[in-house]
Amino acid sequence: VLMRARALSYDNRRLKKLLALRERTSAPVTTARLVSSSASSTRRFAVLNAGFRQGVAVGQPVRGPEGLVGRILEAGPNTARVLLLTDPESIVPVRRMRDGLPAIAAGRGDGWIEIRSVNLINARFDPGDIFITSGTGGIYAPNIPVARVVRKGNDIALARTFTQPDTLDFALVQRAFLPMPPAEGQVAKP
């Protein structure tokens, strides 16, 4: 009984965080359950139990209460595949919280990410440095927590994402920060 009560208390705390996140952000496309994630291959994906019937589309950001999870890679009728931050194909423009240093968060395929300097030579990264989305590129809104540096480095540092997909039950699917330009010959919607 005590273990069940602790588990319920833990679930309630996480769901309250998710609700608070939902209240602070623009209207999400949907809230969905992460039903699986890849842990044994070098490719890092998760599957959501929501698809294009629920408004999910390719390129939309996915986040949890602690921070960014990734972006929608493919959307079927009732499921979608999420490219996780730790996938080698994932690249997210970020900035360091303490001084705004621009960088790139790149997945390594082993559960970790690298933070890479974009414009300074010999940029120093220290353990504990926190990186958030910069808003550059138009997919991710600014100021979403991404990762914390765990090992000191110059120009490149090892970091751990704030959100771990294997411990995340629910996630928010959001609209891209800046809408895609209309295809040639189409008129933009107001």
# chains A, B, ... in the order shown; residues from 1 in each chain; ligands from 1
>>> select_by_dssp(residues="region 37-131 of chain A", states="strand (DSSP E or B)", output="ChimeraX atom specification")
/A:37,45-48,61-63,68-75,80-84,91-96,102-107,113-117,124-125,130-131
>>> residues_around(residues="region 74-78 of chain A", least_positions_apart="3", cutoff="12 Å", atoms="only C-alpha atoms", output="PyMOL selection string")
chain A and resi 30+32-33+45-60+71+81-83+173
>>> residues_around(residues="region 133-145 of chain A", least_positions_apart="6", cutoff="7 Å", atoms="only C-alpha atoms", output="ChimeraX atom specification")
/A:60-61,67-68,93-95,162,176-178
>>> residues_around(residues="Asp169 (chain A)", least_positions_apart="2", cutoff="8 Å", atoms="only C-alpha atoms", output="number ranges by chain")
A: 33-35, 165, 167, 171
>>> select_by_dssp(residues="chain A", states="alpha helix (DSSP H)", output="ChimeraX atom specification")
/A:2-24
>>> closest_residue(among="A:Leu168, A:Asp129, A:Thr31, A:Pro88", to="Ala103 (chain A)", atoms="only C-alpha atoms")
A:Asp129
